[in-house]
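**Q** Before anything else, here's the structure in question.
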Amino acid sequence: MSKYLNQRWLFPLILFSSIAILLCIADRAPLHLKSRFPAVHLEKESYAYLDGVVNRTFPGPFVYRVLIPYTVHIAHSVFPLFDPLTIDFALKTIILMMCQVAFFLYLRNFFTDVHCLACVFLLDVLIGHSLAHFQGPSIIETVDLLNVFFFILALTFIYTNKSITLYITLFLASLNRETIWFVIIVIILHDQLTNRGILRSLLSLSVVSLSYFGLRLMIGMHEFDWFYIRGLVHNIPFISEEFTTRAIVGNLRLAVLLLPMMVIGIYQFKSHPQYLKIASSIIPVFIVAHYLVGIIIESRLWMPLFVVLVPLTINNLIKILRPREEQIPTSPI
């Protein structure tokens with residue numbers, strides 16, 4: 001029995017580790033252009049981002065996303081032998097592994113292990129595509145990957161009613177990226193539909209607010225790079241002649257990225273597990289918000305939605321394909 005259990009966990013972990021390393025190697029591959037084209041310095045952008053956050057010269061909201069940049073900075077100070085991009089590579093690999101394991105465990109609440117693996121593999125494909133947005137590795141990508149991990153943890157702890165670990169997750173996630181605010185929608189809906197009252201919702205909102213506004217008081221109110229609804233001209237065609245082509249391309253890419261999963265996930269929506277339906281409530285708000293203040297062509301922005309859409313997609317594919325799988329083929333005479 002113990003041998004079976006060891007294999008049951010060891011083999012998926014080996015596979016998850018391999019996928020994480022391969023994705024990070026592929027993300028790092030453009031750096032090798034420097035050996036052929038010495039004028040190419042892809043690493044400069046990452047160093048500029050790191051310095052901008054640590055030295056507090058970047059505008060908001062970037063300067064408030066402190067968790068990864070400060071971790072890289074401290075690690076480099078302790079281990080100066082390793083440059084920041086090498087440290088970022090290690091962090092990215094570890095976070096990708098944690099995302100896969102956490103997503104697998106989260107989905108075991110609803111699906112069989114084989115179906116959970118299918119969800120993890122689809123998530124890997126989508127993350128791999130998202131990492132290709134930047135040419136070469138970027139610390140910004142690591143921030144977004146950690147955001148995915150926190151989303152998975154938060155959704156897990158909401159479902160399993162582990163309030164203390166949920167609050168800790170929300171606090172840390174707020175130090176990484178402000179996107180965790182969308183999870184509050186899930187908490188409120190889940191607590192209301194399960195008659196839990198409003199205490200957990202209020203405490204969750206307080207924790208996120210404390211972290212969010214505390215950072216801004218400590219660092220200072222820098223000029224905001226968003227809050228000016230600048231996304232509209234970049235995301236909606238024909239508003240600005242300068243950005244119309246980019247907006248059309250961005251919408252086409254977004255349609256290819258999200259629309260198939262949304263169409264498949266909506267099919268027989270009522271038959272999905274109740275909690276997955278509650279979690280999907282963030283989708284319209286998330287999309288509208290990023291059309292207003294984001295740049296939709298940046299596929300990395302949509303990674304938190306993968307956590308919500310992938311289970312709905314795989315669940316319906318399982319239901320659609322199962323009747324054919326259960327048919328017993330007859331041998332030709």
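Naming scheme: A, B, ... for chains in displayed order of the structure tokens; residues 1 onward per chain; ligands 1 onward as shown.
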Would you kindly return, as a compact mmCIF listing (two decimals) with N, CA and C atoms, in the first residue's frame, each protein, DNA or RNA residue with an atom no farther than 9 Å from any atom of Asn109 (chain A), considering only C-alpha atoms and excluding same-chain residues fewer than 3 positions away?
**A**
# COMPACT_ATOMS: atom_id res chain seq x y z
N LEU A 105 -4.42 19.41 -6.51
CA LEU A 105 -5.08 19.14 -5.23
C LEU A 105 -6.43 19.85 -5.12
N TYR A 106 -6.49 21.07 -5.63
CA TYR A 106 -7.76 21.82 -5.63
C TYR A 106 -8.83 21.08 -6.42
N THR A 112 -11.85 13.14 -10.73
CA THR A 112 -10.92 12.04 -10.50
C THR A 112 -9.49 12.52 -10.78
N THR A 156 -9.11 27.26 -3.06
CA THR A 156 -9.09 26.02 -2.29
C THR A 156 -9.53 26.26 -0.86
N TYR A 159 -13.26 26.97 -0.44
CA TYR A 159 -14.08 25.76 -0.57
C TYR A 159 -13.97 24.87 0.67
**Q** Applying 8 Å and only C-alpha atoms, which residues near region 279-282 of chain A remain after dropping the ones on its own chain fewer than 6 positions away? List them as a list in words.
**A**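 Counting only C-alpha atoms, the residues come to Leu155, Phe182, Val183, Ile185, Val186, Val308 and Leu309 of chain A.
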**Q** Go ahead and save the residues from that selection, with C-alpha atoms, as a compact mmCIF listing (two decimals), in the first residue's frame.
**A**
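Output contents, as saved in selection03.txt:
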# COMPACT_ATOMS: atom_id res chain seq x y z
CA LEU A 155 -10.16 29.20 -4.10
CA PHE A 182 -11.44 39.66 -7.49
CA VAL A 183 -11.43 36.69 -5.10
CA ILE A 185 -16.41 38.34 -5.09
CA VAL A 186 -16.16 34.55 -4.78
CA VAL A 308 -11.55 29.22 -13.33
CA LEU A 309 -12.11 28.30 -16.99
**Q** Set the distance at 8 Å and use only C-alpha atoms: which residues neighbour region 18-32 of chain A once local chain neighbours fewer than 6 positions away are removed? I'd like the list as a PyMOL selection string.
**A** chain A and resi 41-43+89+92-94+96-97+124+128+131-132+135-137
**Q** Please indicate the distance in Å from CA of Ile188 (chain A) to CA of Ile158 (chain A), rounded to one decimal place.
**A** 10.1 Å
**Q** Quick one: of A:Ser201, A:Asn55, A:Ser163, A:Ser209, who's nearest to Glu178 (chain A), counting only C-alpha atoms?
**A**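 Of the candidates, the smallest distance to Glu178 (chain A) is held by A:Ser209.
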**Q** Any chance you could list, as a PyMOL selection string, the residues in region 174-312 of chain A that come up alpha helix (DSSP H) when DSSP is run on the backbone?
**A** chain A and resi 174-176+183-193+199-219+231-235+244-266+274-279+282-293+303-312
**Q** Which of these residues is nearest to Leu107 (chain A), using only C-alpha atoms: A:Asn251, A:Met261, A:Ile152, A:Leu205?
**A** A:Ile152
**Q** I need the residue nearest Leu254 (chain A) from this list: A:Ile296, A:Val148, A:Val310, A:Leu217. Use only C-alpha atoms for the distance.
**A**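 Nearest to Leu254 (chain A): A:Ile296.
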**Q** Excluding Leu172 (chain A) and its own-chain neighbours fewer than 6 positions away, which residues fall within 9 Å of it when counting only C-alpha atoms? Please give them as a PyMOL selection string.
**A** chain A and resi 67+150+208+211
**Q** May I have the residues from that selection written out with C-alpha atoms, as a tab-separated table (two decimals), in the first residue's frame?
**A**
chain	number	residue	atom	x	y	z
A	67	LEU	CA	6.86	40.35	-3.05
A	150	PHE	CA	-2.35	32.55	-4.77
A	208	VAL	CA	-6.85	42.70	1.58
A	211	SER	CA	-2.26	45.04	2.86
**Q** Smallest atom-to-atom distance to Ile278 (chain A): which of A:Arg300, A:Arg216, A:His190, A:His115, using only C-alpha atoms?
**A**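 Checking each of A:Arg300, A:Arg216, A:His190, A:His115 against Ile278 (chain A), counting only C-alpha atoms, the winner is A:His190.
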**Q** Mind pulling up the distance from CA of Arg177 (chain A) to CA of Val307 (chain A)?
**A**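 CA of Arg177 (chain A) lies 16.2 Å from CA of Val307 (chain A).
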